[in-house]
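Asker: So here's run_10.txt (compact mmCIF, C-alpha atoms).
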# COMPACT_ATOMS: atom_id res chain seq x y z
CA MET A 16 105.25 64.55 143.02
CA ARG A 17 102.98 66.73 140.91
CA PRO A 18 102.44 65.27 137.44
CA GLY A 19 103.74 67.20 134.45
CA ARG A 20 101.62 68.16 131.50
CA ASP A 21 102.46 65.00 129.53
CA LEU A 22 101.56 62.71 132.44
CA THR A 23 98.33 64.60 133.09
CA ALA A 24 97.35 64.34 129.42
CA PHE A 25 98.08 60.63 129.43
CA MET A 26 96.03 60.06 132.59
CA ASP A 27 93.14 61.76 130.81
CA ARG A 28 93.51 59.37 127.86
CA LEU A 29 93.89 56.42 130.22
CA GLY A 30 90.80 57.38 132.17
CA TYR A 31 92.49 56.97 135.54
CA GLU A 32 94.07 59.59 137.84
CA PHE A 33 96.98 58.34 139.93
CA ALA A 34 97.22 59.12 143.62
CA ASP A 35 100.97 58.51 143.19
CA PRO A 36 102.00 59.77 139.71
CA ALA A 37 105.55 58.49 140.34
CA LEU A 38 104.20 54.98 139.68
CA LEU A 39 102.96 56.04 136.27
CA GLN A 40 106.22 57.80 135.50
CA ARG A 41 108.11 54.60 136.26
CA ALA A 42 105.69 52.52 134.17
CA LEU A 43 106.42 54.74 131.18
CA THR A 44 110.24 54.70 131.59
CA HIS A 45 112.11 52.38 129.24
CA SER A 46 115.42 50.83 130.24
CA SER A 47 117.21 53.02 127.67
CA LEU A 48 116.55 56.00 129.98
CA SER A 49 116.86 54.30 133.35
CA SER A 50 119.40 55.20 136.04
CA PRO A 51 119.85 54.53 139.77
CA THR A 52 117.52 57.44 140.48
CA ARG A 53 115.18 56.75 137.57
CA PRO A 54 114.10 53.06 137.62
CA ASP A 55 112.69 51.52 134.46
CA ASN A 56 109.41 49.67 133.97
CA GLN A 57 110.67 46.07 133.73
CA ARG A 58 109.58 44.99 137.22
CA LEU A 59 106.19 46.62 136.71
CA GLU A 60 105.86 44.84 133.36
CA PHE A 61 106.39 41.51 135.13
CA LEU A 62 103.64 42.28 137.64
CA GLY A 63 101.25 43.76 135.08
CA ASP A 64 101.46 40.64 132.95
CA ARG A 65 100.21 38.59 135.90
CA VAL A 66 97.42 41.01 136.76
CA LEU A 67 96.28 41.06 133.14
CA GLY A 68 96.38 37.26 133.04
CA LEU A 69 94.12 36.89 136.06
CA VAL A 70 91.61 39.43 134.77
CA MET A 71 91.47 37.81 131.34
CA SER A 72 91.17 34.31 132.83
CA GLU A 73 88.05 35.45 134.67
CA ALA A 74 86.76 37.34 131.63
CA VAL A 75 86.94 34.47 129.14
CA LEU A 76 85.29 32.13 131.63
CA ALA A 77 82.46 34.60 132.20
CA ALA A 78 82.04 35.30 128.48
CA ASP A 79 81.33 31.66 127.64
CA ARG A 80 80.24 29.44 130.52
CA ASP A 81 80.01 26.35 128.32
CA ALA A 82 83.44 26.57 126.67
CA LYS A 83 85.99 23.84 127.31
CA GLU A 84 89.61 24.44 128.26
CA GLY A 85 90.71 23.79 124.69
CA GLN A 86 88.56 26.72 123.54
CA LEU A 87 89.34 29.01 126.46
CA ALA A 88 93.14 28.78 126.28
CA PRO A 89 93.57 30.16 122.74
CA ARG A 90 91.10 32.97 123.45
CA PHE A 91 93.03 33.87 126.59
CA ASN A 92 96.33 33.80 124.69
CA ALA A 93 94.91 36.09 122.00
CA LEU A 94 93.81 38.64 124.60
CA VAL A 95 97.05 38.80 126.60
CA ARG A 96 99.70 38.48 123.88
CA LYS A 97 102.05 41.37 123.25
CA GLU A 98 100.40 42.39 119.97
CA THR A 99 97.04 42.90 121.71
CA CYS A 100 98.65 44.88 124.54
CA ALA A 101 100.34 47.06 121.93
CA ASP A 102 97.04 47.62 120.11
CA VAL A 103 95.47 48.81 123.36
CA ALA A 104 98.49 51.04 123.97
CA ARG A 105 98.03 52.65 120.56
CA GLN A 106 94.35 53.19 121.33
CA ILE A 107 95.33 55.53 124.19
CA ASP A 108 98.45 56.91 122.45
CA LEU A 109 100.71 55.49 125.11
CA GLY A 110 103.71 55.91 122.82
CA ALA A 111 103.53 59.69 123.08
CA ALA A 112 103.99 59.47 126.87
CA MET A 113 106.83 56.93 126.94
CA ARG A 114 110.17 58.05 128.38
CA LEU A 115 112.92 56.77 126.08
CA GLY A 116 116.64 57.22 125.68
CA LYS A 117 117.86 59.10 122.62
CA SER A 118 118.95 55.97 120.75
CA GLU A 119 115.64 54.20 121.29
CA MET A 120 113.70 57.33 120.36
CA THR A 121 115.71 57.69 117.15
CA ALA A 122 115.02 54.02 116.36
CA GLY A 123 111.26 54.63 116.44
CA GLY A 124 110.69 53.14 119.88
CA ARG A 125 107.40 54.97 120.40
CA ARG A 126 105.91 52.84 117.61
CA ARG A 127 107.56 49.50 118.37
CA MET A 128 105.15 46.73 119.23
CA ALA A 129 107.31 45.16 121.94
CA LEU A 130 107.93 48.43 123.77
CA LEU A 131 104.28 49.46 123.61
CA GLY A 132 103.10 46.07 124.85
CA ASP A 133 105.60 46.05 127.72
CA ALA A 134 104.65 49.59 128.75
CA MET A 135 100.94 48.74 128.68
CA GLU A 136 101.55 45.87 131.08
CA ALA A 137 103.62 48.19 133.29
CA VAL A 138 100.80 50.75 133.38
CA ILE A 139 98.39 48.02 134.49
CA ALA A 140 100.75 47.15 137.35
CA ALA A 141 101.05 50.82 138.29
CA VAL A 142 97.27 51.10 138.60
CA TYR A 143 97.20 47.89 140.64
CA LEU A 144 99.81 49.24 143.07
CA ASP A 145 98.17 52.65 143.20
CA ALA A 146 94.61 51.53 143.90
CA GLY A 147 94.33 47.74 144.10
CA PHE A 148 93.01 44.89 142.02
CA ALA A 149 89.45 46.16 141.55
CA GLU A 150 90.63 49.38 139.88
CA ALA A 151 93.14 47.52 137.71
CA LYS A 152 90.46 45.06 136.65
CA ALA A 153 88.01 47.84 135.78
CA LEU A 154 90.69 49.58 133.70
CA ILE A 155 91.57 46.41 131.79
CA LEU A 156 87.98 45.49 131.05
CA ARG A 157 87.25 49.02 129.85
CA LEU A 158 90.32 49.28 127.61
CA TRP A 159 90.07 45.77 126.15
CA GLY A 160 86.32 46.30 125.64
CA ASP A 161 84.72 44.31 122.84
CA ARG A 162 87.91 42.37 122.21
CA ILE A 163 86.86 40.07 125.05
CA THR A 164 83.52 39.08 123.52
CA THR A 165 84.58 39.12 119.87
CA VAL A 166 87.82 37.14 120.17
CA GLU A 167 87.72 34.35 117.61
CA GLU A 168 86.49 30.99 118.92
CA ASP A 169 89.70 29.38 117.73
CA ALA A 170 92.11 32.19 118.53
CA ARG A 171 95.33 30.24 118.23
CA ASP A 172 98.02 32.34 116.67
CA ALA A 173 98.54 31.53 113.00
CA LYS A 174 102.04 30.07 113.43
CA THR A 175 100.81 27.57 116.01
CA ALA A 176 97.78 26.66 113.90
CA LEU A 177 99.93 26.13 110.79
CA GLN A 178 102.40 23.95 112.68
CA GLU A 179 99.58 21.81 114.06
CA TRP A 180 98.09 21.53 110.56
CA ALA A 181 101.42 20.30 109.20
CA GLN A 182 102.05 17.86 112.05
CA ALA A 183 98.58 16.36 111.67
CA ARG A 184 99.56 15.44 108.10
CA GLY A 185 102.93 13.94 108.99
CA MET A 186 104.99 16.93 107.84
CA GLY A 187 107.84 18.65 109.58
CA PRO A 188 107.37 22.15 111.03
CA PRO A 189 106.96 25.09 108.65
CA VAL A 190 110.17 26.87 107.67
CA TYR A 191 110.32 30.68 107.92
CA GLN A 192 112.88 32.68 105.97
CA GLU A 193 113.57 36.39 105.75
CA ILE A 194 113.74 37.07 102.01
CA ALA A 195 113.91 40.86 102.00
CA ARG A 196 114.30 43.89 104.23
CA SER A 197 113.47 47.43 103.21
CA GLY A 198 113.08 50.87 104.74
CA PRO A 199 115.47 52.82 106.98
CA ASP A 200 117.46 51.15 109.75
CA HIS A 201 115.29 52.69 112.45
CA ALA A 202 112.05 51.47 110.88
CA PRO A 203 112.72 48.36 108.76
CA VAL A 204 110.06 46.37 106.95
CA PHE A 205 110.59 42.60 106.82
CA ARG A 206 109.38 40.25 104.10
CA ILE A 207 109.05 36.67 105.34
CA ARG A 208 108.38 33.48 103.41
CA VAL A 209 106.90 30.39 105.04
CA GLU A 210 107.08 27.02 103.33
CA LEU A 211 105.80 23.54 104.13
CA ALA A 212 107.49 20.28 103.27
CA ASP A 213 105.10 19.73 100.35
CA GLY A 214 106.14 23.04 98.78
CA ALA A 215 103.10 25.11 99.76
CA SER A 216 104.25 28.63 100.66
CA ALA A 217 103.19 32.21 101.29
CA GLU A 218 104.88 35.57 101.89
CA ALA A 219 104.03 38.64 103.96
CA GLU A 220 105.53 41.96 105.06
CA ALA A 221 105.43 43.75 108.43
CA LYS A 222 107.47 46.09 110.59
CA ALA A 223 108.48 43.25 112.90
CA LYS A 224 109.70 39.77 111.97
CA ARG A 225 107.22 38.06 114.26
CA GLN A 226 104.30 39.97 112.77
CA ALA A 227 105.46 39.12 109.25
CA GLU A 228 105.75 35.45 110.18
CA GLN A 229 102.25 35.47 111.65
CA ALA A 230 100.87 37.20 108.56
CA ALA A 231 102.54 34.71 106.21
CA ALA A 232 101.26 31.76 108.25
CA LYS A 233 97.74 33.21 108.27
CA ASP A 234 97.83 33.68 104.50
CA LEU A 235 99.02 30.12 103.94
CA LEU A 236 96.35 28.74 106.28
CA GLY A 237 93.74 30.60 104.29
CA ARG A 238 94.95 29.03 101.06
CA LEU A 239 94.99 25.58 102.64
CA GLY A 240 91.41 26.03 103.83
What is this structure when it is put down as structure tokens?

Answerer:
Amino acid sequence: MRPGRDLTAFMDRLGYEFADPALLQRALTHSSLSSPTRPDNQRLEFLGDRVLGLVMSEAVLAADRDAKEGQLAPRFNALVRKETCADVARQIDLGAAMRLGKSEMTAGGRRRMALLGDAMEAVIAAVYLDAGFAEAKALILRLWGDRITTVEEDARDAKTALQEWAQARGMGPPVYQEIARSGPDHAPVFRIRVELADGASAEAEAKAKRQAEQAAAKDLLGRLG
């Protein structure tokens, strides 16, 4: 197939030209638009997650040859988690090229973190199938760029770090509660409160519950020192 204008523009932003543009078209197709003749990107997402994982495993090892496993694992997790994939997707305006059903498009799917992260992983798999591991690796390293060398030494996500902090002091796990929701149905904003057994608490807002929970945990960790 010959790529349309949108696919060509996205390949320019991606910095990679597909020999088989049908792979890219599939990588950008969400399940809300899939059909027997138009497969979605879920299988590619599965593969892309594994390709990304291998590349990042090599990258964090190469970036710090003296680091122990306990330091490497959280850095790796920070680089491959869905939020990071979505950030990279926004960097190349992947959302503008996504193929979505009407309902998902109306719900703001082009901006949703989960959909962007999944599609980014699917695009990685499409490059891998189109040209092999070396090309996929080069793409990942280029797009992730300085994130690999600047990832925080202790890059555990804030929720995990807060739970470990509480457990180390004999407390139960932090409790997260949605205390408010604002904005339209297609683009809600969640306000989350996190509280420890000793009463320490913090609140944060975000467009996704998970992001709000992470933000609240990070704020509370900061207060706890």

Asker: Could you build a table of the residues in segment 31-141 of chain A lying no more than 9 Å from segment 153-161 of chain A, giving for each the nearest pair of atoms and their separation in Å rounded to one decimal place, using all atoms listed in the file, ordered by chain and ascending residue number, as CSV?

Answerer:
residue,atom,partner,partner_atom,distance
A:Tyr31,CA,A:Leu154,CA,7.8
A:Leu67,CA,A:Ile155,CA,7.3
A:Val70,CA,A:Ile155,CA,7.6
A:Met71,CA,A:Leu156,CA,8.4
A:Ala74,CA,A:Leu156,CA,8.3
A:Leu94,CA,A:Trp159,CA,8.2
A:Thr99,CA,A:Trp159,CA,8.7
A:Cys100,CA,A:Trp159,CA,8.8
A:Val103,CA,A:Leu158,CA,6.7
A:Gln106,CA,A:Leu158,CA,8.4
A:Ile107,CA,A:Leu158,CA,8.7
A:Ile139,CA,A:Ile155,CA,7.5

Asker: When you draw a straight line from atom CA of Asp64 of chain A to atom CA of Ala202 of chain A, how long is it in Å?

Answerer: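 One can read the atom CA of Asp64 of chain A to atom CA of Ala202 of chain A distance as 26.8 Å.
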
Asker: Produce a table with one row for each residue of segment 39-97 of chain A that has an atom at most 9 Å from any atom of segment 118-136 of chain A, each row naming the nearest atom pair and its distance in Å at one decimal; use only C-alpha atoms; arrange rows by chain and rising residue number; format as CSV.

Answerer:
residue,atom,partner,partner_atom,distance
A:Ala42,CA,A:Ala134,CA,6.2
A:Leu43,CA,A:Ala134,CA,6.0
A:Thr44,CA,A:Ala134,CA,8.1
A:His45,CA,A:Leu130,CA,7.9
A:Ser47,CA,A:Glu119,CA,6.7
A:Leu48,CA,A:Glu119,CA,8.9
A:Asn56,CA,A:Ala134,CA,7.1
A:Gln57,CA,A:Asp133,CA,7.9
A:Leu59,CA,A:Glu136,CA,7.3
A:Glu60,CA,A:Glu136,CA,5.0
A:Phe61,CA,A:Glu136,CA,7.7
A:Leu62,CA,A:Glu136,CA,7.8
A:Gly63,CA,A:Glu136,CA,4.5
A:Asp64,CA,A:Glu136,CA,5.6
A:Arg65,CA,A:Glu136,CA,8.8
A:Val66,CA,A:Glu136,CA,8.5
A:Leu67,CA,A:Glu136,CA,7.4
A:Arg96,CA,A:Gly132,CA,8.4
A:Lys97,CA,A:Gly132,CA,5.1

Asker: Find the distance between atom CA of Ala149 of chain A and atom CA of Ala93 of chain A and write it in Å to one decimal.

Answerer: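 Answer for the atom CA of Ala149 of chain A to atom CA of Ala93 of chain A separation: 22.7 Å.
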
Asker: Between A:Ala176, A:Ala104, A:Val95, A:Ala183, which is the closest to Gly237 of chain A once you count only C-alpha atoms?

Answerer: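 Counting only C-alpha atoms, the residue closest to Gly237 of chain A is A:Ala176.
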
Asker: If I take atom CA of Lys222 of chain A and atom CA of Arg105 of chain A, how far is one from the other in Å, to one decimal?

Answerer: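 Separation between atom CA of Lys222 of chain A and atom CA of Arg105 of chain A: 15.2 Å.
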
Asker: Any idea what's packed within 7 Å of Asp21 of chain A, counting all atoms listed in the file, ignoring anything in its chain fewer than 3 positions away? Could you give it as a PyMOL selection string?

Answerer: chain A and resi 24-25+112

Asker: Determine, counting all atoms listed in the file, which protein, DNA and RNA residues have an atom within 12 Å of an atom of Gly240 of chain A; residues of the same chain fewer than 4 positions away are not included. Present the result as JSON, numbers by chain.

Answerer: {"A": [176, 177, 180, 233, 234, 235, 236]}

Asker: Quick one: residues within 10 Å of Ser49 of chain A, all atoms listed in the file counted, chain neighbours fewer than 5 positions away excluded, as a count of residues only?

Answerer: 8

Asker: Which residues come within 8 Å of Ile207 of chain A, counting all atoms listed in the file, excluding same-chain residues fewer than 5 positions away, as a PyMOL selection string?

Answerer: chain A and resi 191-195+218-220+224+227-228+231

Asker: Go ahead and save the picked residues with C-alpha atoms, as a PDB file, in the coordinates of the input.

Answerer:
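Dumped everything to part19.pdb:
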ATOM      1  CA  TYR A 191     110.320  30.680 107.920  1.00  0.00           C
ATOM      2  CA  GLN A 192     112.880  32.680 105.970  1.00  0.00           C
ATOM      3  CA  GLU A 193     113.570  36.390 105.750  1.00  0.00           C
ATOM      4  CA  ILE A 194     113.740  37.070 102.010  1.00  0.00           C
ATOM      5  CA  ALA A 195     113.910  40.860 102.000  1.00  0.00           C
ATOM      6  CA  GLU A 218     104.880  35.570 101.890  1.00  0.00           C
ATOM      7  CA  ALA A 219     104.030  38.640 103.960  1.00  0.00           C
ATOM      8  CA  GLU A 220     105.530  41.960 105.060  1.00  0.00           C
ATOM      9  CA  LYS A 224     109.700  39.770 111.970  1.00  0.00           C
ATOM     10  CA  ALA A 227     105.460  39.120 109.250  1.00  0.00           C
ATOM     11  CA  GLU A 228     105.750  35.450 110.180  1.00  0.00           C
ATOM     12  CA  ALA A 231     102.540  34.710 106.210  1.00  0.00           C
TER      13      ALA A 231
END

Asker: Pick from A:Ala232, A:Arg58, A:Thr164, A:Glu32: nearest to Asp145 of chain A, with only C-alpha atoms counted?

Answerer: A:Glu32

Asker: Go through A:Asp35, A:Glu210, A:Asp27, A:Asp79 and flag the residue nearest Gln178 of chain A, using all atoms listed in the file for the distances.

Answerer: A:Glu210

Asker: Calculated over only C-alpha atoms, which of the candidates A:Asp108, A:Arg162, A:Gly185, A:Ala101 has the smallest distance to Leu22 of chain A?

Answerer: A:Asp108

Asker: Could you pull the residues within 10 Å of Ala215 of chain A, counting only C-alpha atoms, minus those fewer than 3 positions along the same chain, as a list in words?

Answerer: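 The residues satisfying every condition are Pro189, Val209, Glu210, Leu211, Ala212, Leu235, Arg238 and Leu239 of chain A.
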
Asker: Go through A:Leu69, A:Ala223, A:Ala88, A:Met186 one by one, measure the shortest atom-to-atom distance of each to Val204 of chain A using all atoms listed in the file, and give the residue with the smallest value.

Answerer: A:Ala223
